[in-house]
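Trainee: I have a structure I would like to understand better, so I am pasting it below and will then ask my questions one at a time.
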Amino acid sequence: MFIEFKHKFRGTGAEDKDLKSKILDNPEELEWLVYESLEAYRELIENDNEFILKLNTEDTRHLLDKHSKPLNYLVSELIAK
């Protein structure tokens, strides 16, 4: 399963440069993050059947390449246009 996050905080006033260490250095924070994330996901799928985006194989591969090989993705996008 791929989860694409649409909201970005890097380079904005909302960015917390110490967030990674705050979460990873505190087991309770990490536990809270995982629990709240799973609860939010559960609520979304229970209340919105369209939440899960179902892509065909080609589109799934395209999304995977976009996030796992961004340079290859950019070059293929530039060549295709």
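Convention: chains lettered A, B, ... in structure tokens order; per-chain residue numbering from 1; ligands numbered from 1 as shown.
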Enumerate as a PyMOL selection string all residues of chain A assigned to alpha helix (DSSP H) by DSSP on the backbone, naming them with the chain letters and numbers the document uses.
Mentor: chain A and resi 19-24+27-47+57-68+70-80
Trainee: Next, write the just-selected residues to a file, as a PDB file, in the first residue's frame, keeping C-alpha atoms as the atom set.
Mentor:
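Contents of result-v8.pdb, freshly written:
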ATOM      1  CA  LEU A  19      10.319  16.811  15.084  1.00  0.00           C
ATOM      2  CA  LYS A  20      12.143  13.622  14.098  1.00  0.00           C
ATOM      3  CA  SER A  21      14.218  13.512  17.272  1.00  0.00           C
ATOM      4  CA  LYS A  22      11.238  14.556  19.420  1.00  0.00           C
ATOM      5  CA  ILE A  23       9.298  11.549  18.176  1.00  0.00           C
ATOM      6  CA  LEU A  24      12.063   8.950  17.840  1.00  0.00           C
ATOM      7  CA  PRO A  27       8.774   6.006  22.945  1.00  0.00           C
ATOM      8  CA  GLU A  28       5.494   7.454  24.235  1.00  0.00           C
ATOM      9  CA  GLU A  29       5.432  10.021  21.401  1.00  0.00           C
ATOM     10  CA  LEU A  30       6.113   7.340  18.818  1.00  0.00           C
ATOM     11  CA  GLU A  31       3.393   5.135  20.281  1.00  0.00           C
ATOM     12  CA  TRP A  32       0.968   8.078  20.240  1.00  0.00           C
ATOM     13  CA  LEU A  33       1.814   8.889  16.605  1.00  0.00           C
ATOM     14  CA  VAL A  34       1.247   5.310  15.445  1.00  0.00           C
ATOM     15  CA  TYR A  35      -1.966   4.923  17.424  1.00  0.00           C
ATOM     16  CA  GLU A  36      -3.459   8.246  16.267  1.00  0.00           C
ATOM     17  CA  SER A  37      -2.470   7.552  12.657  1.00  0.00           C
ATOM     18  CA  LEU A  38      -4.129   4.131  12.686  1.00  0.00           C
ATOM     19  CA  GLU A  39      -7.260   5.530  14.350  1.00  0.00           C
ATOM     20  CA  ALA A  40      -7.539   8.339  11.795  1.00  0.00           C
ATOM     21  CA  TYR A  41      -7.059   5.868   8.951  1.00  0.00           C
ATOM     22  CA  ARG A  42      -9.682   3.523  10.403  1.00  0.00           C
ATOM     23  CA  GLU A  43     -12.200   6.347  10.732  1.00  0.00           C
ATOM     24  CA  LEU A  44     -11.564   7.489   7.180  1.00  0.00           C
ATOM     25  CA  ILE A  45     -12.056   4.081   5.601  1.00  0.00           C
ATOM     26  CA  GLU A  46     -15.162   3.419   7.693  1.00  0.00           C
ATOM     27  CA  ASN A  47     -16.769   6.721   6.710  1.00  0.00           C
ATOM     28  CA  THR A  57      -0.835  -1.497 -12.448  1.00  0.00           C
ATOM     29  CA  GLU A  58       0.672   1.148 -14.722  1.00  0.00           C
ATOM     30  CA  ASP A  59      -0.519   4.056 -12.566  1.00  0.00           C
ATOM     31  CA  THR A  60       0.682   2.299  -9.398  1.00  0.00           C
ATOM     32  CA  ARG A  61       4.120   1.795 -10.950  1.00  0.00           C
ATOM     33  CA  HIS A  62       4.130   5.475 -11.991  1.00  0.00           C
ATOM     34  CA  LEU A  63       3.334   6.578  -8.413  1.00  0.00           C
ATOM     35  CA  LEU A  64       5.979   4.251  -6.983  1.00  0.00           C
ATOM     36  CA  ASP A  65       8.618   5.604  -9.385  1.00  0.00           C
ATOM     37  CA  LYS A  66       7.630   9.176  -8.526  1.00  0.00           C
ATOM     38  CA  HIS A  67       8.444   8.624  -4.858  1.00  0.00           C
ATOM     39  CA  SER A  68      11.185   6.002  -4.940  1.00  0.00           C
ATOM     40  CA  PRO A  70      12.360  10.941  -8.278  1.00  0.00           C
ATOM     41  CA  LEU A  71      15.170  11.713 -10.719  1.00  0.00           C
ATOM     42  CA  ASN A  72      14.106   8.928 -13.098  1.00  0.00           C
ATOM     43  CA  TYR A  73      10.511  10.099 -12.750  1.00  0.00           C
ATOM     44  CA  LEU A  74      11.429  13.698 -13.597  1.00  0.00           C
ATOM     45  CA  VAL A  75      13.465  12.672 -16.638  1.00  0.00           C
ATOM     46  CA  SER A  76      10.663  10.433 -17.937  1.00  0.00           C
ATOM     47  CA  GLU A  77       8.152  13.265 -17.458  1.00  0.00           C
ATOM     48  CA  LEU A  78      10.373  15.706 -19.332  1.00  0.00           C
ATOM     49  CA  ILE A  79      10.960  13.271 -22.187  1.00  0.00           C
ATOM     50  CA  ALA A  80       7.285  12.397 -22.479  1.00  0.00           C
TER      51      ALA A  80
END
